[in-house]
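Okay, so here's the structure we're looking at.
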Amino acid sequence: MSNTGTPGDPEANSLHPSSEACTVKLIGILLYDGFSLLGAGTLAEALHIANELQSGREGARVTYSVRFMSARGGAIACSSSVCVWTERLGGQRFRGFDALYVAGGTGVNRSATDEGLIELLTIACSQSEVVGSFGNGGVLLAAAGIARRDWASVQRSGQGPSTQKATPSTERGDALISSLALIKRDLGYDAAVAVADRLTSSNDQHLPIMLSTFGTTTLADKAKESARWLEQNCARSISVGDAARTVAMSERNFLRLFKREMGLTPSQHLLRARLDLSCELLAKSDLPIDKIARRAGLTNGERFSKIFRKRFAMSPSEYRLRKKSDDTV
């Protein structure tokens, strides 16, 4: 499965390990005649973006090698008659995967009766760390008696009603959720958010909210993830209720948890994040005070100046002058 190799061609990395700090994750997507290209394409695109975002990074990194698989290999036609070249599931080179996903599609019920495919899928899933599906691809997993095991499925099974409403039920939505959960696990929250930003519109708020809770198994994890979400979104107009929904909790329970784990209230943490952002903008830009206030989520220059002076015992303009003089010394 995972291999450490030199940066470059993913296939070379997976087959020829070396001492350089690049871990390659082998991701398989099982296709069959009549599969839907939408989910498979979305997952492949998300992981390609994750690789791109790491391309200039120094030191240890994780890259993804995506492989389209089928029972016999060769060309497989999707539901819109586009053919995709696949490799044979169970072949010598691909016995197990870091993650294996089953595509949905109009041909899934027919494929579920293919005993040879089911046998190969059963073996491959037993040797793969993560197993998931898109759309109705779960029909194949059910035929093989295999349960999903990935962060996306774990999170969905534990969601409250308000979060569940926001869960996309489309094949593309399933693929997005699965890929972002995988990226968050391997590369962290920030990397997953960066990929989500490239793939979704600014109105797709359900994905960042769900992303915050993937892999959070303890109350302390939930508090830390919500704190990170507040920091990431401090420039927007957000409420305590928004933050509570990121971890599928009531406002009352969320307030108690956050104060206990973080030592301050969500509103105090949000204000700190906004002031940190404003300090960075003051030091590194020549933007007017009013514009900095808006970019830091602090409404207007007058309110911003009042809060800033109370916290730092100086005005934003005085802070800027001091930072500029420090930099020239």
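Here, A, B, ... name the chains of the structure tokens in the order displayed, residue numbers run from 1 inside each chain, and ligands are numbered from 1 in the same displayed order.
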I'd like the contact shell of range 142-148 of chain A - 7 Å cut-off, only C-alpha atoms, skipping same-chain residues fewer than 4 positions apart - returned as a list in words.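 Contacts, in chain order: Ala112, Ile118, Thr122, Val131, Gly132, Gly138 and Ser153 of chain A.
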Set the distance at 10 Å and use only C-alpha atoms: which residues neighbour Leu282 in chain A once local chain neighbours fewer than 2 positions away are removed? I'd like the list as a ChimeraX atom specification. /A:276-280,284-289,292,316-321,323-324
Quick one: residues within 8 Å of Ala293 in chain A, only C-alpha atoms, excluding same-chain residues fewer than 5 positions away - as number ranges by chain? A: 278, 298-301, 304
Residues flagged strand (DSSP E or B) by DSSP in range 22-254 of chain A, as an MDAnalysis selection string: chainID A and resid 22:30 35 61:70 74:78 83:88 99:102 105 130:133 149
Next, write the just-selected residues to a file, as a PDB file, in the first residue's frame, keeping C-alpha atoms as the atom set.
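Saved file out-v8.pdb follows:
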```
ATOM      1  CA  CYS A  22       7.565  11.187   0.027  1.00  0.00           C
ATOM      2  CA  THR A  23       4.815   8.777   1.015  1.00  0.00           C
ATOM      3  CA  VAL A  24       2.613   7.645  -1.861  1.00  0.00           C
ATOM      4  CA  LYS A  25      -0.929   6.532  -1.037  1.00  0.00           C
ATOM      5  CA  LEU A  26      -2.430   4.053  -3.484  1.00  0.00           C
ATOM      6  CA  ILE A  27      -6.103   4.860  -4.141  1.00  0.00           C
ATOM      7  CA  GLY A  28      -8.258   2.434  -6.112  1.00  0.00           C
ATOM      8  CA  ILE A  29     -11.635   3.204  -7.737  1.00  0.00           C
ATOM      9  CA  LEU A  30     -13.579   0.124  -8.851  1.00  0.00           C
ATOM     10  CA  PHE A  35     -20.581   3.106 -13.900  1.00  0.00           C
ATOM     11  CA  ARG A  61       4.710  14.891   2.170  1.00  0.00           C
ATOM     12  CA  VAL A  62       1.950  12.541   1.079  1.00  0.00           C
ATOM     13  CA  THR A  63       0.886  12.206  -2.550  1.00  0.00           C
ATOM     14  CA  TYR A  64      -1.886  10.122  -4.088  1.00  0.00           C
ATOM     15  CA  SER A  65      -1.656   7.641  -6.947  1.00  0.00           C
ATOM     16  CA  VAL A  66      -5.192   7.028  -8.256  1.00  0.00           C
ATOM     17  CA  ARG A  67      -5.890   3.789 -10.138  1.00  0.00           C
ATOM     18  CA  PHE A  68      -9.063   2.861 -12.008  1.00  0.00           C
ATOM     19  CA  MET A  69      -9.727  -0.837 -11.485  1.00  0.00           C
ATOM     20  CA  SER A  70     -12.155  -3.405 -12.916  1.00  0.00           C
ATOM     21  CA  GLY A  74      -9.056  -2.916 -20.109  1.00  0.00           C
ATOM     22  CA  ALA A  75     -11.626  -0.450 -21.415  1.00  0.00           C
ATOM     23  CA  ILE A  76     -14.800   0.005 -19.359  1.00  0.00           C
ATOM     24  CA  ALA A  77     -17.752   2.045 -20.646  1.00  0.00           C
ATOM     25  CA  CYS A  78     -19.486   4.446 -18.263  1.00  0.00           C
ATOM     26  CA  CYS A  83     -14.614   4.404 -22.166  1.00  0.00           C
ATOM     27  CA  VAL A  84     -12.019   4.507 -19.371  1.00  0.00           C
ATOM     28  CA  TRP A  85      -8.904   2.335 -19.312  1.00  0.00           C
ATOM     29  CA  THR A  86      -8.655   0.211 -16.151  1.00  0.00           C
ATOM     30  CA  GLU A  87      -6.234  -2.172 -14.538  1.00  0.00           C
ATOM     31  CA  ARG A  88      -7.246  -5.601 -13.311  1.00  0.00           C
ATOM     32  CA  ALA A  99      -8.251   3.406   0.110  1.00  0.00           C
ATOM     33  CA  LEU A 100     -10.613   1.573  -2.245  1.00  0.00           C
ATOM     34  CA  TYR A 101     -13.864   3.140  -3.487  1.00  0.00           C
ATOM     35  CA  VAL A 102     -16.701   1.638  -5.531  1.00  0.00           C
ATOM     36  CA  GLY A 105     -23.939   3.858 -11.724  1.00  0.00           C
ATOM     37  CA  VAL A 130     -10.260   2.452   3.823  1.00  0.00           C
ATOM     38  CA  VAL A 131     -13.316   1.174   1.948  1.00  0.00           C
ATOM     39  CA  GLY A 132     -16.048   3.462   0.603  1.00  0.00           C
ATOM     40  CA  SER A 133     -18.541   4.003  -2.201  1.00  0.00           C
ATOM     41  CA  ARG A 149     -14.936   1.940   6.824  1.00  0.00           C
TER      42      ARG A 149
END
```
Could you tell me how far CA of Gly297 in chain A sits from CA of Leu257 in chain A, in Å to one decimal place?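 For CA of Leu257 in chain A relative to CA of Gly297 in chain A, the distance reads 24.4 Å.
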Work out how far apart CA of Lys310 in chain A and CA of Gln268 in chain A are and give it in Å to one decimal. 13.8 Å
Leaving out range 240-245 of chain A and any residue of its chain fewer than 6 positions from it, which residues lie within 7 Å of it when counting only C-alpha atoms, given as a PDB file with N, CA and C atoms, in the first residue's frame?
```pdb
ATOM      1  N   SER A 226     -13.547  23.118  16.392  1.00  0.00           N
ATOM      2  CA  SER A 226     -14.408  24.301  16.293  1.00  0.00           C
ATOM      3  C   SER A 226     -13.581  25.574  16.453  1.00  0.00           C
ATOM      4  N   LEU A 230     -13.359  28.597  13.734  1.00  0.00           N
ATOM      5  CA  LEU A 230     -13.544  30.015  14.041  1.00  0.00           C
ATOM      6  C   LEU A 230     -12.384  30.840  13.492  1.00  0.00           C
ATOM      7  N   GLU A 251     -26.115  24.888  21.127  1.00  0.00           N
ATOM      8  CA  GLU A 251     -25.319  26.051  21.544  1.00  0.00           C
ATOM      9  C   GLU A 251     -24.946  25.959  23.015  1.00  0.00           C
ATOM     10  N   PHE A 254     -22.294  23.348  23.551  1.00  0.00           N
ATOM     11  CA  PHE A 254     -21.073  23.787  22.877  1.00  0.00           C
ATOM     12  C   PHE A 254     -20.349  24.865  23.693  1.00  0.00           C
ATOM     13  N   PRO A 266     -16.254  30.923  22.976  1.00  0.00           N
ATOM     14  CA  PRO A 266     -16.094  31.013  21.522  1.00  0.00           C
ATOM     15  C   PRO A 266     -16.020  32.465  21.039  1.00  0.00           C
TER      16      PRO A 266
END
```
Report as a PDB file with N, CA and C atoms, in the first residue's frame: the residues of range 25-199 of chain A with a DSSP assignment of alpha helix (DSSP H), based on the backbone of this structure.
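The new file states_17.pdb reads:
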```pdb
ATOM      1  N   LEU A  37     -19.374   8.283 -14.219  1.00  0.00           N
ATOM      2  CA  LEU A  37     -18.062   8.940 -14.254  1.00  0.00           C
ATOM      3  C   LEU A  37     -17.965  10.084 -13.254  1.00  0.00           C
ATOM      4  N   LEU A  38     -19.107  10.607 -12.800  1.00  0.00           N
ATOM      5  CA  LEU A  38     -19.107  11.805 -11.974  1.00  0.00           C
ATOM      6  C   LEU A  38     -18.381  11.610 -10.649  1.00  0.00           C
ATOM      7  N   GLY A  39     -18.731  10.564  -9.909  1.00  0.00           N
ATOM      8  CA  GLY A  39     -18.097  10.348  -8.616  1.00  0.00           C
ATOM      9  C   GLY A  39     -16.622  10.009  -8.745  1.00  0.00           C
ATOM     10  N   ALA A  40     -16.303   9.092  -9.668  1.00  0.00           N
ATOM     11  CA  ALA A  40     -14.909   8.696  -9.867  1.00  0.00           C
ATOM     12  C   ALA A  40     -14.061   9.881 -10.290  1.00  0.00           C
ATOM     13  N   GLY A  41     -14.597  10.699 -11.190  1.00  0.00           N
ATOM     14  CA  GLY A  41     -13.860  11.873 -11.656  1.00  0.00           C
ATOM     15  C   GLY A  41     -13.659  12.898 -10.569  1.00  0.00           C
ATOM     16  N   THR A  42     -14.674  13.073  -9.726  1.00  0.00           N
ATOM     17  CA  THR A  42     -14.562  14.050  -8.639  1.00  0.00           C
ATOM     18  C   THR A  42     -13.491  13.641  -7.643  1.00  0.00           C
ATOM     19  N   LEU A  43     -13.474  12.371  -7.251  1.00  0.00           N
ATOM     20  CA  LEU A  43     -12.449  11.890  -6.319  1.00  0.00           C
ATOM     21  C   LEU A  43     -11.061  12.064  -6.915  1.00  0.00           C
ATOM     22  N   ALA A  44     -10.898  11.652  -8.182  1.00  0.00           N
ATOM     23  CA  ALA A  44      -9.591  11.773  -8.830  1.00  0.00           C
ATOM     24  C   ALA A  44      -9.147  13.225  -8.906  1.00  0.00           C
ATOM     25  N   GLU A  45     -10.073  14.124  -9.212  1.00  0.00           N
ATOM     26  CA  GLU A  45      -9.740  15.543  -9.312  1.00  0.00           C
ATOM     27  C   GLU A  45      -9.321  16.113  -7.954  1.00  0.00           C
ATOM     28  N   ALA A  46     -10.057  15.754  -6.904  1.00  0.00           N
ATOM     29  CA  ALA A  46      -9.728  16.256  -5.568  1.00  0.00           C
ATOM     30  C   ALA A  46      -8.327  15.814  -5.143  1.00  0.00           C
ATOM     31  N   LEU A  47      -7.992  14.564  -5.391  1.00  0.00           N
ATOM     32  CA  LEU A  47      -6.676  14.059  -4.989  1.00  0.00           C
ATOM     33  C   LEU A  47      -5.571  14.642  -5.863  1.00  0.00           C
ATOM     34  N   HIS A  48      -5.885  14.907  -7.133  1.00  0.00           N
ATOM     35  CA  HIS A  48      -4.921  15.577  -8.014  1.00  0.00           C
ATOM     36  C   HIS A  48      -4.614  16.987  -7.493  1.00  0.00           C
ATOM     37  N   ILE A  49      -5.651  17.703  -7.051  1.00  0.00           N
ATOM     38  CA  ILE A  49      -5.448  19.047  -6.489  1.00  0.00           C
ATOM     39  C   ILE A  49      -4.600  18.964  -5.223  1.00  0.00           C
ATOM     40  N   ALA A  50      -4.854  17.963  -4.388  1.00  0.00           N
ATOM     41  CA  ALA A  50      -4.051  17.782  -3.170  1.00  0.00           C
ATOM     42  C   ALA A  50      -2.580  17.576  -3.527  1.00  0.00           C
ATOM     43  N   ASN A  51      -2.315  16.807  -4.577  1.00  0.00           N
ATOM     44  CA  ASN A  51      -0.931  16.619  -5.025  1.00  0.00           C
ATOM     45  C   ASN A  51      -0.331  17.931  -5.508  1.00  0.00           C
ATOM     46  N   GLU A  52      -1.115  18.698  -6.280  1.00  0.00           N
ATOM     47  CA  GLU A  52      -0.637  19.982  -6.800  1.00  0.00           C
ATOM     48  C   GLU A  52      -0.267  20.937  -5.667  1.00  0.00           C
ATOM     49  N   LEU A  53      -1.096  20.993  -4.643  1.00  0.00           N
ATOM     50  CA  LEU A  53      -0.871  21.918  -3.544  1.00  0.00           C
ATOM     51  C   LEU A  53       0.404  21.589  -2.774  1.00  0.00           C
ATOM     52  N   GLN A  54       0.847  20.339  -2.878  1.00  0.00           N
ATOM     53  CA  GLN A  54       2.068  19.939  -2.168  1.00  0.00           C
ATOM     54  C   GLN A  54       3.312  19.987  -3.041  1.00  0.00           C
ATOM     55  N   VAL A 108     -24.783  -1.029 -11.649  1.00  0.00           N
ATOM     56  CA  VAL A 108     -24.343  -1.603 -10.380  1.00  0.00           C
ATOM     57  C   VAL A 108     -25.096  -2.885 -10.037  1.00  0.00           C
ATOM     58  N   ASN A 109     -26.399  -2.947 -10.304  1.00  0.00           N
ATOM     59  CA  ASN A 109     -27.161  -4.153  -9.950  1.00  0.00           C
ATOM     60  C   ASN A 109     -26.716  -5.357 -10.776  1.00  0.00           C
ATOM     61  N   ARG A 110     -26.447  -5.131 -12.046  1.00  0.00           N
ATOM     62  CA  ARG A 110     -25.944  -6.219 -12.895  1.00  0.00           C
ATOM     63  C   ARG A 110     -24.576  -6.695 -12.400  1.00  0.00           C
ATOM     64  N   SER A 111     -23.722  -5.762 -12.036  1.00  0.00           N
ATOM     65  CA  SER A 111     -22.386  -6.127 -11.569  1.00  0.00           C
ATOM     66  C   SER A 111     -22.433  -6.863 -10.236  1.00  0.00           C
ATOM     67  N   GLU A 115     -20.159 -13.016  -9.874  1.00  0.00           N
ATOM     68  CA  GLU A 115     -19.491 -13.688  -8.750  1.00  0.00           C
ATOM     69  C   GLU A 115     -17.985 -13.476  -8.765  1.00  0.00           C
ATOM     70  N   GLY A 116     -17.403 -13.414  -9.965  1.00  0.00           N
ATOM     71  CA  GLY A 116     -15.961 -13.185 -10.053  1.00  0.00           C
ATOM     72  C   GLY A 116     -15.581 -11.815  -9.526  1.00  0.00           C
ATOM     73  N   LEU A 117     -16.355 -10.797  -9.881  1.00  0.00           N
ATOM     74  CA  LEU A 117     -16.101  -9.447  -9.396  1.00  0.00           C
ATOM     75  C   LEU A 117     -16.272  -9.371  -7.887  1.00  0.00           C
ATOM     76  N   ILE A 118     -17.326 -10.001  -7.375  1.00  0.00           N
ATOM     77  CA  ILE A 118     -17.580  -9.958  -5.933  1.00  0.00           C
ATOM     78  C   ILE A 118     -16.437 -10.618  -5.163  1.00  0.00           C
ATOM     79  N   GLU A 119     -15.924 -11.723  -5.701  1.00  0.00           N
ATOM     80  CA  GLU A 119     -14.809 -12.410  -5.033  1.00  0.00           C
ATOM     81  C   GLU A 119     -13.561 -11.529  -5.008  1.00  0.00           C
ATOM     82  N   LEU A 120     -13.252 -10.906  -6.145  1.00  0.00           N
ATOM     83  CA  LEU A 120     -12.083 -10.018  -6.203  1.00  0.00           C
ATOM     84  C   LEU A 120     -12.262  -8.816  -5.279  1.00  0.00           C
ATOM     85  N   LEU A 121     -13.466  -8.252  -5.241  1.00  0.00           N
ATOM     86  CA  LEU A 121     -13.740  -7.108  -4.380  1.00  0.00           C
ATOM     87  C   LEU A 121     -13.582  -7.477  -2.919  1.00  0.00           C
ATOM     88  N   THR A 122     -14.060  -8.648  -2.539  1.00  0.00           N
ATOM     89  CA  THR A 122     -13.942  -9.104  -1.154  1.00  0.00           C
ATOM     90  C   THR A 122     -12.480  -9.195  -0.732  1.00  0.00           C
ATOM     91  N   ILE A 123     -11.659  -9.771  -1.595  1.00  0.00           N
ATOM     92  CA  ILE A 123     -10.230  -9.908  -1.283  1.00  0.00           C
ATOM     93  C   ILE A 123      -9.561  -8.542  -1.206  1.00  0.00           C
ATOM     94  N   ALA A 124      -9.846  -7.677  -2.187  1.00  0.00           N
ATOM     95  CA  ALA A 124      -9.215  -6.349  -2.221  1.00  0.00           C
ATOM     96  C   ALA A 124      -9.608  -5.529  -0.997  1.00  0.00           C
ATOM     97  N   CYS A 125     -10.877  -5.596  -0.589  1.00  0.00           N
ATOM     98  CA  CYS A 125     -11.328  -4.829   0.577  1.00  0.00           C
ATOM     99  C   CYS A 125     -10.673  -5.326   1.859  1.00  0.00           C
ATOM    100  N   SER A 126     -10.443  -6.649   1.936  1.00  0.00           N
ATOM    101  CA  SER A 126      -9.802  -7.209   3.137  1.00  0.00           C
ATOM    102  C   SER A 126      -8.364  -6.743   3.269  1.00  0.00           C
ATOM    103  N   GLY A 138     -22.697   1.392  -3.031  1.00  0.00           N
ATOM    104  CA  GLY A 138     -22.807   0.543  -1.842  1.00  0.00           C
ATOM    105  C   GLY A 138     -23.511  -0.773  -2.117  1.00  0.00           C
ATOM    106  N   VAL A 139     -24.268  -0.857  -3.231  1.00  0.00           N
ATOM    107  CA  VAL A 139     -24.929  -2.111  -3.597  1.00  0.00           C
ATOM    108  C   VAL A 139     -23.884  -3.215  -3.794  1.00  0.00           C
ATOM    109  N   LEU A 140     -22.762  -2.871  -4.428  1.00  0.00           N
ATOM    110  CA  LEU A 140     -21.699  -3.851  -4.635  1.00  0.00           C
ATOM    111  C   LEU A 140     -21.060  -4.266  -3.319  1.00  0.00           C
ATOM    112  N   LEU A 141     -20.831  -3.297  -2.442  1.00  0.00           N
ATOM    113  CA  LEU A 141     -20.266  -3.637  -1.140  1.00  0.00           C
ATOM    114  C   LEU A 141     -21.216  -4.547  -0.368  1.00  0.00           C
ATOM    115  N   ALA A 142     -22.513  -4.251  -0.433  1.00  0.00           N
ATOM    116  CA  ALA A 142     -23.499  -5.071   0.275  1.00  0.00           C
ATOM    117  C   ALA A 142     -23.528  -6.491  -0.288  1.00  0.00           C
ATOM    118  N   ALA A 143     -23.386  -6.604  -1.613  1.00  0.00           N
ATOM    119  CA  ALA A 143     -23.382  -7.929  -2.232  1.00  0.00           C
ATOM    120  C   ALA A 143     -22.185  -8.754  -1.771  1.00  0.00           C
ATOM    121  N   TRP A 151     -13.699   7.751   7.332  1.00  0.00           N
ATOM    122  CA  TRP A 151     -14.164   8.839   8.190  1.00  0.00           C
ATOM    123  C   TRP A 151     -15.514   9.366   7.754  1.00  0.00           C
ATOM    124  N   ALA A 152     -15.752   9.378   6.444  1.00  0.00           N
ATOM    125  CA  ALA A 152     -17.025   9.925   5.964  1.00  0.00           C
ATOM    126  C   ALA A 152     -18.195   9.103   6.476  1.00  0.00           C
ATOM    127  N   SER A 153     -18.092   7.760   6.406  1.00  0.00           N
ATOM    128  CA  SER A 153     -19.206   6.923   6.848  1.00  0.00           C
ATOM    129  C   SER A 153     -19.359   6.965   8.352  1.00  0.00           C
ATOM    130  N   VAL A 154     -18.252   7.019   9.093  1.00  0.00           N
ATOM    131  CA  VAL A 154     -18.326   7.107  10.541  1.00  0.00           C
ATOM    132  C   VAL A 154     -19.004   8.403  10.948  1.00  0.00           C
ATOM    133  N   GLN A 155     -18.620   9.511  10.286  1.00  0.00           N
ATOM    134  CA  GLN A 155     -19.212  10.799  10.641  1.00  0.00           C
ATOM    135  C   GLN A 155     -20.699  10.826  10.339  1.00  0.00           C
ATOM    136  N   ARG A 156     -21.103  10.288   9.193  1.00  0.00           N
ATOM    137  CA  ARG A 156     -22.516  10.329   8.838  1.00  0.00           C
ATOM    138  C   ARG A 156     -23.348   9.539   9.827  1.00  0.00           C
ATOM    139  N   SER A 157     -22.822   8.412  10.302  1.00  0.00           N
ATOM    140  CA  SER A 157     -23.607   7.594  11.211  1.00  0.00           C
ATOM    141  C   SER A 157     -23.788   8.265  12.556  1.00  0.00           C
ATOM    142  N   PRO A 161     -29.534  15.654  13.524  1.00  0.00           N
ATOM    143  CA  PRO A 161     -30.468  15.988  12.460  1.00  0.00           C
ATOM    144  C   PRO A 161     -30.078  17.218  11.657  1.00  0.00           C
ATOM    145  N   SER A 162     -29.553  18.270  12.319  1.00  0.00           N
ATOM    146  CA  SER A 162     -29.261  19.507  11.593  1.00  0.00           C
ATOM    147  C   SER A 162     -28.124  19.320  10.604  1.00  0.00           C
ATOM    148  N   THR A 163     -27.124  18.505  10.981  1.00  0.00           N
ATOM    149  CA  THR A 163     -26.004  18.260  10.072  1.00  0.00           C
ATOM    150  C   THR A 163     -26.423  17.329   8.950  1.00  0.00           C
ATOM    151  N   GLN A 164     -27.284  16.365   9.287  1.00  0.00           N
ATOM    152  CA  GLN A 164     -27.678  15.398   8.295  1.00  0.00           C
ATOM    153  C   GLN A 164     -28.424  16.052   7.139  1.00  0.00           C
ATOM    154  N   LYS A 165     -29.177  17.093   7.410  1.00  0.00           N
ATOM    155  CA  LYS A 165     -29.898  17.797   6.360  1.00  0.00           C
ATOM    156  C   LYS A 165     -28.940  18.361   5.319  1.00  0.00           C
ATOM    157  N   ALA A 166     -27.761  18.795   5.798  1.00  0.00           N
ATOM    158  CA  ALA A 166     -26.812  19.447   4.894  1.00  0.00           C
ATOM    159  C   ALA A 166     -25.974  18.456   4.112  1.00  0.00           C
ATOM    160  N   GLU A 171     -23.983  11.728  -6.065  1.00  0.00           N
ATOM    161  CA  GLU A 171     -22.741  10.970  -6.220  1.00  0.00           C
ATOM    162  C   GLU A 171     -21.524  11.890  -6.106  1.00  0.00           C
ATOM    163  N   ARG A 172     -21.617  13.072  -6.690  1.00  0.00           N
ATOM    164  CA  ARG A 172     -20.508  14.017  -6.571  1.00  0.00           C
ATOM    165  C   ARG A 172     -20.308  14.415  -5.107  1.00  0.00           C
ATOM    166  N   GLY A 173     -21.403  14.606  -4.388  1.00  0.00           N
ATOM    167  CA  GLY A 173     -21.294  14.943  -2.974  1.00  0.00           C
ATOM    168  C   GLY A 173     -20.609  13.846  -2.181  1.00  0.00           C
ATOM    169  N   ASP A 174     -20.974  12.584  -2.439  1.00  0.00           N
ATOM    170  CA  ASP A 174     -20.324  11.462  -1.760  1.00  0.00           C
ATOM    171  C   ASP A 174     -18.824  11.454  -2.030  1.00  0.00           C
ATOM    172  N   ALA A 175     -18.452  11.676  -3.300  1.00  0.00           N
ATOM    173  CA  ALA A 175     -17.041  11.654  -3.666  1.00  0.00           C
ATOM    174  C   ALA A 175     -16.286  12.810  -3.026  1.00  0.00           C
ATOM    175  N   LEU A 176     -16.911  13.986  -2.976  1.00  0.00           N
ATOM    176  CA  LEU A 176     -16.280  15.132  -2.323  1.00  0.00           C
ATOM    177  C   LEU A 176     -16.035  14.859  -0.852  1.00  0.00           C
ATOM    178  N   ILE A 177     -17.065  14.366  -0.183  1.00  0.00           N
ATOM    179  CA  ILE A 177     -16.943  14.093   1.249  1.00  0.00           C
ATOM    180  C   ILE A 177     -15.860  13.052   1.511  1.00  0.00           C
ATOM    181  N   SER A 178     -15.855  11.974   0.714  1.00  0.00           N
ATOM    182  CA  SER A 178     -14.858  10.916   0.901  1.00  0.00           C
ATOM    183  C   SER A 178     -13.448  11.424   0.666  1.00  0.00           C
ATOM    184  N   SER A 179     -13.265  12.205  -0.411  1.00  0.00           N
ATOM    185  CA  SER A 179     -11.919  12.692  -0.726  1.00  0.00           C
ATOM    186  C   SER A 179     -11.434  13.686   0.321  1.00  0.00           C
ATOM    187  N   LEU A 180     -12.304  14.580   0.769  1.00  0.00           N
ATOM    188  CA  LEU A 180     -11.892  15.563   1.762  1.00  0.00           C
ATOM    189  C   LEU A 180     -11.591  14.915   3.109  1.00  0.00           C
ATOM    190  N   ALA A 181     -12.366  13.893   3.457  1.00  0.00           N
ATOM    191  CA  ALA A 181     -12.087  13.164   4.701  1.00  0.00           C
ATOM    192  C   ALA A 181     -10.718  12.489   4.624  1.00  0.00           C
ATOM    193  N   LEU A 182     -10.416  11.911   3.455  1.00  0.00           N
ATOM    194  CA  LEU A 182      -9.125  11.251   3.264  1.00  0.00           C
ATOM    195  C   LEU A 182      -7.984  12.262   3.332  1.00  0.00           C
ATOM    196  N   ILE A 183      -8.150  13.399   2.668  1.00  0.00           N
ATOM    197  CA  ILE A 183      -7.112  14.431   2.658  1.00  0.00           C
ATOM    198  C   ILE A 183      -6.897  14.996   4.055  1.00  0.00           C
ATOM    199  N   LYS A 184      -7.991  15.202   4.787  1.00  0.00           N
ATOM    200  CA  LYS A 184      -7.839  15.719   6.147  1.00  0.00           C
ATOM    201  C   LYS A 184      -7.056  14.741   7.014  1.00  0.00           C
ATOM    202  N   ARG A 185      -7.367  13.448   6.873  1.00  0.00           N
ATOM    203  CA  ARG A 185      -6.654  12.444   7.661  1.00  0.00           C
ATOM    204  C   ARG A 185      -5.161  12.443   7.356  1.00  0.00           C
ATOM    205  N   ASP A 186      -4.800  12.531   6.074  1.00  0.00           N
ATOM    206  CA  ASP A 186      -3.401  12.408   5.658  1.00  0.00           C
ATOM    207  C   ASP A 186      -2.625  13.723   5.745  1.00  0.00           C
ATOM    208  N   LEU A 187      -3.290  14.845   5.414  1.00  0.00           N
ATOM    209  CA  LEU A 187      -2.578  16.115   5.246  1.00  0.00           C
ATOM    210  C   LEU A 187      -3.024  17.204   6.204  1.00  0.00           C
ATOM    211  N   TYR A 189      -6.378  19.509   8.302  1.00  0.00           N
ATOM    212  CA  TYR A 189      -7.579  20.307   8.039  1.00  0.00           C
ATOM    213  C   TYR A 189      -7.325  21.385   6.982  1.00  0.00           C
ATOM    214  N   ASP A 190      -6.206  22.108   7.109  1.00  0.00           N
ATOM    215  CA  ASP A 190      -5.936  23.220   6.195  1.00  0.00           C
ATOM    216  C   ASP A 190      -5.843  22.757   4.748  1.00  0.00           C
ATOM    217  N   ALA A 191      -5.197  21.609   4.527  1.00  0.00           N
ATOM    218  CA  ALA A 191      -5.086  21.085   3.168  1.00  0.00           C
ATOM    219  C   ALA A 191      -6.453  20.707   2.614  1.00  0.00           C
ATOM    220  N   ALA A 192      -7.282  20.093   3.447  1.00  0.00           N
ATOM    221  CA  ALA A 192      -8.625  19.710   3.007  1.00  0.00           C
ATOM    222  C   ALA A 192      -9.462  20.936   2.659  1.00  0.00           C
ATOM    223  N   VAL A 193      -9.337  21.991   3.465  1.00  0.00           N
ATOM    224  CA  VAL A 193     -10.067  23.232   3.189  1.00  0.00           C
ATOM    225  C   VAL A 193      -9.599  23.839   1.869  1.00  0.00           C
ATOM    226  N   ALA A 194      -8.292  23.814   1.622  1.00  0.00           N
ATOM    227  CA  ALA A 194      -7.754  24.371   0.380  1.00  0.00           C
ATOM    228  C   ALA A 194      -8.295  23.620  -0.834  1.00  0.00           C
ATOM    229  N   VAL A 195      -8.399  22.299  -0.736  1.00  0.00           N
ATOM    230  CA  VAL A 195      -8.953  21.505  -1.834  1.00  0.00           C
ATOM    231  C   VAL A 195     -10.433  21.811  -2.002  1.00  0.00           C
ATOM    232  N   ALA A 196     -11.157  21.908  -0.883  1.00  0.00           N
ATOM    233  CA  ALA A 196     -12.592  22.219  -0.939  1.00  0.00           C
ATOM    234  C   ALA A 196     -12.832  23.568  -1.605  1.00  0.00           C
ATOM    235  N   ASP A 197     -11.968  24.537  -1.318  1.00  0.00           N
ATOM    236  CA  ASP A 197     -12.110  25.869  -1.921  1.00  0.00           C
ATOM    237  C   ASP A 197     -11.977  25.814  -3.438  1.00  0.00           C
ATOM    238  N   ARG A 198     -11.125  24.915  -3.923  1.00  0.00           N
ATOM    239  CA  ARG A 198     -10.923  24.791  -5.375  1.00  0.00           C
ATOM    240  C   ARG A 198     -12.096  24.073  -6.044  1.00  0.00           C
ATOM    241  N   LEU A 199     -12.780  23.223  -5.319  1.00  0.00           N
ATOM    242  CA  LEU A 199     -13.798  22.366  -5.920  1.00  0.00           C
ATOM    243  C   LEU A 199     -15.230  22.830  -5.710  1.00  0.00           C
TER     244      LEU A 199
END
```
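Atom pair CA of Glu302 in chain A / CA of Glu231 in chain A has a distance of 22.6 Å (rounded to one decimal).
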